[in-house]
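Heads up, entry_27.pdb below (PDB, C-alpha atoms):
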```pdb
ATOM      1  CA  GLY W   1     -11.909  -1.510 -13.967
ATOM      2  CA  GLY W   2     -12.026   1.918 -15.573
ATOM      3  CA  ALA W   3     -11.295   3.717 -12.308
ATOM      4  CA  ILE W   4      -8.288   1.483 -11.667
ATOM      5  CA  ALA W   5      -6.915   2.018 -15.183
ATOM      6  CA  LEU W   6      -7.388   5.793 -14.918
ATOM      7  CA  ALA W   7      -5.697   5.897 -11.508
ATOM      8  CA  LEU W   8      -2.806   3.797 -12.820
ATOM      9  CA  VAL W   9      -2.219   6.070 -15.818
ATOM     10  CA  ALA W  10      -2.522   9.253 -13.724
ATOM     11  CA  ALA W  11      -0.146   7.913 -11.071
ATOM     12  CA  LEU W  12       2.380   6.896 -13.726
ATOM     13  CA  ALA W  13       2.213  10.343 -15.338
ATOM     14  CA  TRP W  14       2.660  11.971 -11.912
ATOM     15  CA  SER W  15       5.731   9.873 -11.138
ATOM     16  CA  ILE W  16       7.362  10.656 -14.476
ATOM     17  CA  ILE W  17       6.619  14.401 -14.358
ATOM     18  CA  VAL W  18       7.549  14.904 -10.694
ATOM     19  CA  GLY W  19      10.684  12.807 -11.150
ATOM     20  CA  GLY W  20      11.722  15.007 -14.040
ATOM     21  CA  LEU W  21      11.158  18.188 -12.017
ATOM     22  CA  THR W  22      12.540  17.222  -8.600
ATOM     23  CA  GLY W  23      14.976  14.464  -9.486
ATOM     24  CA  PHE W  24      14.591  10.706  -9.617
ATOM     25  CA  ARG W  25      13.380   9.273  -6.292
ATOM     26  CA  SER W  26      13.396  12.615  -4.472
ATOM     27  CA  TRP W  27      12.051  12.798  -0.931
ATOM     28  CA  THR W  28      10.226  15.311   1.247
ATOM     29  CA  LEU W  29      11.373  15.125   4.868
ATOM     30  CA  THR W  30       9.243  16.472   7.716
ATOM     31  CA  PRO W  31       9.422  16.029  11.508
ATOM     32  CA  LEU W  32       6.458  13.626  11.367
ATOM     33  CA  LEU W  33       6.378  12.022   7.914
ATOM     34  CA  ASP W  34       8.923  11.329   5.192
ATOM     35  CA  PHE W  35       7.616  10.424   1.740
ATOM     36  CA  GLU W  36       8.925   9.899  -1.761
ATOM     37  CA  ASN W  37       7.540  12.654  -3.982
ATOM     38  CA  GLU W  38       7.027  10.454  -7.041
ATOM     39  CA  ARG W  39       4.994   7.894  -5.102
ATOM     40  CA  LEU W  40       2.673  10.350  -3.382
ATOM     41  CA  LEU W  41      -0.134  10.220  -5.952
ATOM     42  CA  VAL W  42       0.265   6.445  -6.318
ATOM     43  CA  TYR W  43      -0.463   5.969  -2.632
ATOM     44  CA  LEU W  44      -3.253   8.563  -2.568
ATOM     45  CA  PHE W  45      -5.006   6.874  -5.489
ATOM     46  CA  SER W  46      -4.565   3.453  -3.869
ATOM     47  CA  PHE W  47      -6.134   4.836  -0.706
ATOM     48  CA  ALA W  48      -8.999   6.486  -2.605
ATOM     49  CA  LEU W  49      -9.764   3.344  -4.611
ATOM     50  CA  GLY W  50      -9.854   1.255  -1.444
ATOM     51  CA  ALA W  51     -12.266   3.712   0.175
ATOM     52  CA  MET W  52     -14.445   3.748  -2.952
ATOM     53  CA  PHE W  53     -14.692  -0.054  -3.117
ATOM     54  CA  TYR W  54     -15.505  -0.185   0.601
ATOM     55  CA  LYS W  55     -18.289   2.395   0.292
ATOM     56  CA  ARG W  56     -19.754   0.487  -2.664
ATOM     57  CA  GLY W  57     -19.735  -2.752  -0.690
ATOM     58  CA  SER W  58     -17.527  -4.436  -3.282
ATOM     59  CA  PHE W  59     -15.886  -6.631  -0.643
ATOM     60  CA  GLU W  60     -19.141  -7.800   0.963
ATOM     61  CA  THR W  61     -20.077 -10.279  -1.759
ATOM     62  CA  PRO W  62     -18.123 -13.525  -2.186
ATOM     63  CA  PRO W  63     -15.831 -13.785  -5.225
ATOM     64  CA  LYS W  64     -17.650 -15.150  -8.278
ATOM     65  CA  GLY W  65     -14.947 -16.507 -10.556
ATOM     66  CA  ARG W  66     -11.462 -17.913 -10.154
ATOM     67  CA  TRP W  67      -9.787 -17.421 -13.522
ATOM     68  CA  LEU W  68      -8.597 -13.838 -12.859
ATOM     69  CA  TYR W  69      -7.284 -14.813  -9.424
ATOM     70  CA  TYR W  70      -5.414 -17.808 -10.835
ATOM     71  CA  ALA W  71      -4.110 -15.769 -13.765
ATOM     72  CA  ALA W  72      -2.816 -13.069 -11.416
ATOM     73  CA  ASN W  73      -1.116 -15.720  -9.277
ATOM     74  CA  GLY W  74       0.543 -17.164 -12.352
ATOM     75  CA  LEU W  75       1.618 -13.842 -13.864
ATOM     76  CA  ALA W  76       2.476 -11.760 -10.783
ATOM     77  CA  TRP W  77       6.135 -12.748 -11.017
ATOM     78  CA  ILE W  78       6.522 -10.887 -14.335
ATOM     79  CA  PRO W  79       6.135  -7.248 -13.142
ATOM     80  CA  VAL W  80       7.767  -8.067  -9.792
ATOM     81  CA  THR W  81      10.806  -9.656 -11.454
ATOM     82  CA  ALA W  82      10.952  -6.830 -13.992
ATOM     83  CA  HIS W  83      11.063  -4.260 -11.199
ATOM     84  CA  ILE W  84      13.790  -6.178  -9.361
ATOM     85  CA  ILE W  85      15.862  -6.293 -12.557
ATOM     86  CA  VAL W  86      15.322  -2.566 -13.162
ATOM     87  CA  ARG W  87      16.503  -1.869  -9.616
ATOM     88  CA  LEU W  88      19.640  -3.952 -10.141
ATOM     89  CA  VAL W  89      20.643  -2.422 -13.485
ATOM     90  CA  PRO W  90      22.537   0.594 -12.006
ATOM     91  CA  PHE W  91      24.668  -1.790  -9.920
ATOM     92  CA  LEU W  92      25.362  -4.218 -12.771
ATOM     93  CA  VAL W  93      26.032  -1.830 -15.661
ATOM     94  CA  GLU W  94      29.314   0.045 -15.428
ATOM     95  CA  GLY W  95      28.974   3.756 -16.143
ATOM     96  CA  PHE W  96      25.184   3.588 -15.932
ATOM     97  CA  THR W  97      23.384   6.835 -16.801
ATOM     98  CA  MET W  98      19.820   7.646 -15.766
ATOM     99  CA  THR W  99      17.553   8.078 -18.795
ATOM    100  CA  PRO W 100      13.839   8.830 -19.292
ATOM    101  CA  VAL W 101      13.353   5.286 -20.601
ATOM    102  CA  TYR W 102      14.854   3.848 -17.417
ATOM    103  CA  ARG W 103      12.566   5.990 -15.241
ATOM    104  CA  LEU W 104       9.574   4.910 -17.328
ATOM    105  CA  LEU W 105      10.454   1.223 -16.930
ATOM    106  CA  TRP W 106      11.006   1.742 -13.197
ATOM    107  CA  TRP W 107       7.556   3.236 -12.602
ATOM    108  CA  ILE W 108       5.631   0.971 -14.982
ATOM    109  CA  SER W 109       7.061  -2.133 -13.321
ATOM    110  CA  PHE W 110       6.504  -0.639  -9.851
ATOM    111  CA  ASP W 111       2.877   0.349 -10.485
ATOM    112  CA  LEU W 112       2.002  -2.999 -12.079
ATOM    113  CA  SER W 113       3.685  -4.874  -9.225
ATOM    114  CA  LEU W 114       1.749  -2.817  -6.689
ATOM    115  CA  LEU W 115      -1.535  -3.434  -8.519
ATOM    116  CA  VAL W 116      -1.159  -7.203  -8.832
ATOM    117  CA  MET W 117       0.150  -7.701  -5.285
ATOM    118  CA  VAL W 118      -2.676  -5.665  -3.732
ATOM    119  CA  TYR W 119      -5.217  -7.560  -5.840
ATOM    120  CA  LEU W 120      -3.817 -10.931  -4.767
ATOM    121  CA  MET W 121      -3.718  -9.895  -1.123
ATOM    122  CA  VAL W 122      -7.337  -8.693  -1.126
ATOM    123  CA  GLU W 123      -8.635 -11.690  -3.075
ATOM    124  CA  SER W 124      -6.721 -14.165  -0.905
ATOM    125  CA  PHE W 125      -8.311 -12.695   2.212
ATOM    126  CA  ARG W 126     -11.760 -12.764   0.607
ATOM    127  CA  ARG W 127     -11.379 -16.404  -0.409
ATOM    128  CA  TYR W 128      -9.494 -18.006   2.467
ATOM    129  CA  PHE W 129      -9.733 -15.754   5.530
ATOM    130  CA  ASP W 130     -13.445 -14.907   5.477
ATOM    131  CA  ARG W 131     -14.259 -16.338   8.917
ATOM    132  CA  THR W 132     -16.648 -15.544  11.746
ATOM    133  CA  GLY W 133     -16.081 -15.281  15.475
ATOM    134  CA  PRO W 134     -15.696 -12.555  18.117
ATOM    135  CA  VAL W 135     -12.097 -11.701  17.182
ATOM    136  CA  TRP W 136     -12.790 -11.668  13.443
ATOM    137  CA  SER W 137     -15.944  -9.598  13.998
ATOM    138  CA  ALA W 138     -14.016  -7.007  16.026
ATOM    139  CA  LEU W 139     -11.271  -6.832  13.397
ATOM    140  CA  ASN W 140     -13.882  -6.537  10.667
ATOM    141  CA  ARG W 141     -15.608  -3.618  12.416
ATOM    142  CA  ALA W 142     -12.263  -1.881  12.822
ATOM    143  CA  SER W 143     -10.996  -2.624   9.296
ATOM    144  CA  TYR W 144     -12.120   0.593   7.603
ATOM    145  CA  GLY W 145     -10.804   2.765  10.417
ATOM    146  CA  VAL W 146      -7.525   0.852  10.306
ATOM    147  CA  TYR W 147      -7.393   1.500   6.572
ATOM    148  CA  ILE W 148      -7.785   5.224   7.252
ATOM    149  CA  VAL W 149      -5.132   5.586   9.983
ATOM    150  CA  HIS W 150      -2.532   2.941   9.131
ATOM    151  CA  VAL W 151      -0.633   5.140   6.670
ATOM    152  CA  ILE W 152      -0.151   7.780   9.362
ATOM    153  CA  LEU W 153       1.097   5.209  11.863
ATOM    154  CA  ILE W 154       3.450   3.724   9.273
ATOM    155  CA  GLY W 155       5.004   7.175   8.971
ATOM    156  CA  VAL W 156       5.213   7.644  12.733
ATOM    157  CA  PHE W 157       6.661   4.214  13.531
ATOM    158  CA  GLY W 158       8.845   4.235  10.417
ATOM    159  CA  THR W 159      10.390   7.574  11.373
ATOM    160  CA  LEU W 160      11.080   6.282  14.886
ATOM    161  CA  LEU W 161      12.620   3.065  13.559
ATOM    162  CA  MET W 162      14.874   4.991  11.177
ATOM    163  CA  LYS W 163      16.654   6.358  14.240
ATOM    164  CA  ALA W 164      16.851   2.964  15.959
ATOM    165  CA  GLY W 165      20.082   1.024  15.696
ATOM    166  CA  LEU W 166      18.413  -2.173  14.475
ATOM    167  CA  PRO W 167      19.136  -4.231  11.354
ATOM    168  CA  VAL W 168      16.640  -3.799   8.531
ATOM    169  CA  TYR W 169      15.389  -7.393   8.781
ATOM    170  CA  VAL W 170      14.309  -6.580  12.341
ATOM    171  CA  LYS W 171      12.911  -3.125  11.568
ATOM    172  CA  TYR W 172      10.540  -4.353   8.863
ATOM    173  CA  PRO W 173       8.596  -6.939  10.920
ATOM    174  CA  VAL W 174       8.582  -4.533  13.883
ATOM    175  CA  LEU W 175       7.104  -1.836  11.619
ATOM    176  CA  VAL W 176       4.430  -4.188  10.252
ATOM    177  CA  LEU W 177       3.448  -5.534  13.671
ATOM    178  CA  SER W 178       3.480  -2.180  15.469
ATOM    179  CA  THR W 179       1.423  -0.533  12.712
ATOM    180  CA  TRP W 180      -1.164  -3.327  12.691
ATOM    181  CA  VAL W 181      -1.497  -3.490  16.475
ATOM    182  CA  GLY W 182      -1.404   0.288  16.926
ATOM    183  CA  SER W 183      -4.000   0.915  14.206
ATOM    184  CA  ASN W 184      -6.437  -1.643  15.608
ATOM    185  CA  LEU W 185      -6.015  -0.436  19.192
ATOM    186  CA  LEU W 186      -6.503   3.186  18.135
ATOM    187  CA  VAL W 187      -9.648   2.450  16.131
ATOM    188  CA  LEU W 188     -11.154   0.141  18.761
ATOM    189  CA  ALA W 189     -10.463   2.706  21.508
ATOM    190  CA  TYR W 190     -12.066   5.459  19.432
ATOM    191  CA  SER W 191     -15.104   3.282  18.661
ATOM    192  CA  GLY W 192     -15.480   2.385  22.342
ATOM    193  CA  ALA W 193     -15.282   6.040  23.362
ATOM    194  CA  ARG W 194     -17.954   6.951  20.795
ATOM    195  CA  ARG W 195     -20.289   4.225  22.049
ATOM    196  CA  ARG W 196     -19.857   5.337  25.657
ATOM    197  CA  GLY W 197     -20.456   8.937  24.647
ATOM    198  CA  SER W 198     -23.659   8.056  22.775
ATOM    199  CA  ARG W 199     -25.014   6.135  25.791
ATOM    200  CA  THR W 200     -24.398   9.046  28.167
ATOM    201  CA  ALA W 201     -25.751  11.684  25.785
TER     202      ALA W 201
END
```
Give the structure from the file, written as structure tokens.
Amino acid sequence: GGAIALALVAALAWSIIVGGLTGFRSWTLTPLLDFENERLLVYLFSFALGAMFYKRGSFETPPKGRWLYYAANGLAWIPVTAHIIVRLVPFLVEGFTMTPVYRLLWWISFDLSLLVMVYLMVESFRRYFDRTGPVWSALNRASYGVYIVHVILIGVFGTLLMKAGLPVYVKYPVLVLSTWVGSNLLVLAYSGARRRGSRTA
């Protein structure tokens, strides 16, 4: 709990400070990866927290209580709706001017939405998709490696799709599917190569 709160506050401060220095929603463009400067620390902290919980074995024990999960399900719409409204304000208010308060509301609602949606996704998988079988076992073994490499593949496939003449409602599912399949294939191929190498050594 404390690590999550600290990461949330640090990421919010980063977004506000970087946004003030480089401009609201500024981007860094490279031949391989494009990323929004203000979100960089948010994503790095999310990645680090996931790795920390994995190393501690936090996801290996079954969930104990339900009240937090149910409360998050019931309240998730609040930060998500708030962020949608904040996004729509510049289009609905004539002569809208960007202010520090607006940027603060943008990033608070974004960070809280990210937190609650990730929590619900993880808890839903722990509660309802915790199954056994050869396919599930293979995916489980590859899960941490997929977690490590998927961000890179999102950048690679996303950059390629940006140049494709496809509508956005086609690009998004293609990006999700290609990243998931590509990450699993890459990790499983690497694991297989390591096992073969250890047998021949």
_Considering only C-alpha atoms, can you say which of W:Thr179, W:Asn140, W:Ser113, W:Thr159 comes closest to Ala72 in chain W?_
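Under the stated criterion, the closest residue is W:Ser113.
Closest to Leu68 in chain W among W:Val116, W:Met98, W:Leu175, W:Leu166 is W:Val116, based on only C-alpha atoms.
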*Surrounding residues of Ser124 in chain W excluding itself and chain neighbours under 6 positions, 12 Å, only C-alpha atoms, as a ChimeraX atom specification*: /W:59,62-63,66,69-70,72-73,116-118,130
_Since I can't run it myself right now, could you work out what the PyMOL selection byres ((chain W and resi 38) around 7) selects here and report it as a PyMOL selection string?_
chain W and resi 14-15+18-19+25+36-37+39-40
*Tell me which residues the PyMOL selection byres ((chain W and resi 103) around 12) grabs here, as JSON, numbers by chain.*
{"W": [12, 13, 15, 16, 17, 18, 19, 20, 23, 24, 25, 38, 83, 86, 87, 89, 90, 97, 98, 99, 100, 101, 102, 104, 105, 106, 107, 108, 109, 110]}
*How many Å lie between CA of Ala10 in chain W and CA of Leu112 in chain W, rounded to one decimal?*
13.2 Å
*Matched chain/residue IDs from the PyMOL selection byres ((chain W and resi 183) around 12), as a ChimeraX atom specification*: /W:139,142-154,156-157,175-182,184-190
*Which of these residues is nearest to Gly155 in chain W, using only C-alpha atoms: W:Phe35, W:Thr22, W:Arg56, W:Ala11?*
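Smallest distance to Gly155 in chain W is found for W:Phe35.
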*Between CA of Gly2 in chain W and CA of Asp111 in chain W, distance in Å (one decimal)*: 15.8 Å
*Quote the spacing between CA of Ile85 in chain W and CA of Leu6 in chain W in Å to one decimal place.*
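Value for the CA of Ile85 in chain W-CA of Leu6 in chain W distance: 26.3 Å.
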*Could you check which of W:Ala48, W:Ala76, W:Gly65, W:Val9 is closest to Tyr119 in chain W, using only C-alpha atoms?*
W:Ala76
*Which residue out of W:Gly197, W:Glu123, W:Lys171, W:Ser191 has the minimum interatomic distance to Trp67 in chain W when only C-alpha atoms are used?*
W:Glu123
_From W:Leu115, W:Ala3, W:Val168, W:Val135, residue lying nearest Met52 in chain W [all atoms listed in the file]_ = W:Ala3
Would you mind completing range 154-184 of chain W so that it carries N, CA and C atoms, and writing it out as a short mmCIF file (atom, residue, chain, number, x, y, z; two decimals), in the coordinates of the input?
```cif
data_model
loop_
_atom_site.label_atom_id
_atom_site.label_comp_id
_atom_site.auth_asym_id
_atom_site.auth_seq_id
_atom_site.Cartn_x
_atom_site.Cartn_y
_atom_site.Cartn_z
N ILE W 154 2.25 4.19 9.97
CA ILE W 154 3.45 3.72 9.27
C ILE W 154 4.50 4.83 9.27
N GLY W 155 4.07 6.06 8.97
CA GLY W 155 5.00 7.18 8.97
C GLY W 155 5.59 7.44 10.34
N VAL W 156 4.74 7.38 11.37
CA VAL W 156 5.21 7.64 12.73
C VAL W 156 6.20 6.57 13.18
N PHE W 157 5.79 5.30 13.08
CA PHE W 157 6.66 4.21 13.53
C PHE W 157 7.90 4.08 12.64
N GLY W 158 7.71 4.31 11.33
CA GLY W 158 8.85 4.24 10.42
C GLY W 158 9.90 5.28 10.72
N THR W 159 9.45 6.51 11.02
CA THR W 159 10.39 7.57 11.37
C THR W 159 11.14 7.24 12.66
N LEU W 160 10.43 6.68 13.63
CA LEU W 160 11.08 6.28 14.89
C LEU W 160 12.09 5.16 14.65
N LEU W 161 11.73 4.20 13.81
CA LEU W 161 12.62 3.06 13.56
C LEU W 161 13.85 3.47 12.75
N MET W 162 13.71 4.52 11.94
CA MET W 162 14.87 4.99 11.18
C MET W 162 16.00 5.41 12.10
N LYS W 163 15.65 5.89 13.29
CA LYS W 163 16.65 6.36 14.24
C LYS W 163 17.11 5.25 15.19
N ALA W 164 16.49 4.08 15.08
CA ALA W 164 16.85 2.96 15.96
C ALA W 164 18.01 2.18 15.35
N GLY W 165 18.92 1.76 16.18
CA GLY W 165 20.08 1.02 15.70
C GLY W 165 19.80 -0.45 15.54
N LEU W 166 18.80 -0.78 14.71
CA LEU W 166 18.41 -2.17 14.48
C LEU W 166 18.67 -2.55 13.02
N PRO W 167 18.98 -3.81 12.75
CA PRO W 167 19.14 -4.23 11.35
C PRO W 167 17.80 -4.17 10.63
N VAL W 168 17.86 -4.02 9.31
CA VAL W 168 16.64 -3.80 8.53
C VAL W 168 15.71 -4.99 8.61
N TYR W 169 16.26 -6.22 8.72
CA TYR W 169 15.39 -7.39 8.78
C TYR W 169 14.66 -7.50 10.12
N VAL W 170 15.05 -6.69 11.08
CA VAL W 170 14.31 -6.58 12.34
C VAL W 170 13.33 -5.41 12.26
N LYS W 171 13.77 -4.31 11.66
CA LYS W 171 12.91 -3.12 11.57
C LYS W 171 11.62 -3.40 10.80
N TYR W 172 11.73 -4.15 9.71
CA TYR W 172 10.54 -4.35 8.86
C TYR W 172 9.43 -5.10 9.60
N PRO W 173 9.69 -6.28 10.18
CA PRO W 173 8.60 -6.94 10.92
C PRO W 173 8.10 -6.13 12.12
N VAL W 174 9.01 -5.39 12.77
CA VAL W 174 8.58 -4.53 13.88
C VAL W 174 7.64 -3.45 13.37
N LEU W 175 7.96 -2.87 12.21
CA LEU W 175 7.10 -1.84 11.62
C LEU W 175 5.73 -2.40 11.27
N VAL W 176 5.71 -3.57 10.64
CA VAL W 176 4.43 -4.19 10.25
C VAL W 176 3.58 -4.49 11.48
N LEU W 177 4.19 -5.13 12.47
CA LEU W 177 3.45 -5.53 13.67
C LEU W 177 2.97 -4.32 14.47
N SER W 178 3.86 -3.35 14.68
CA SER W 178 3.48 -2.18 15.47
C SER W 178 2.39 -1.37 14.77
N THR W 179 2.46 -1.27 13.44
CA THR W 179 1.42 -0.53 12.71
C THR W 179 0.08 -1.24 12.81
N TRP W 180 0.09 -2.56 12.64
CA TRP W 180 -1.16 -3.33 12.69
C TRP W 180 -1.79 -3.27 14.08
N VAL W 181 -0.99 -3.52 15.10
CA VAL W 181 -1.50 -3.49 16.48
C VAL W 181 -1.93 -2.08 16.85
N GLY W 182 -1.09 -1.09 16.57
CA GLY W 182 -1.40 0.29 16.93
C GLY W 182 -2.65 0.80 16.23
N SER W 183 -2.82 0.46 14.95
CA SER W 183 -4.00 0.92 14.21
C SER W 183 -5.27 0.31 14.78
N ASN W 184 -5.25 -0.99 15.06
CA ASN W 184 -6.44 -1.64 15.61
C ASN W 184 -6.78 -1.12 17.00
#
```
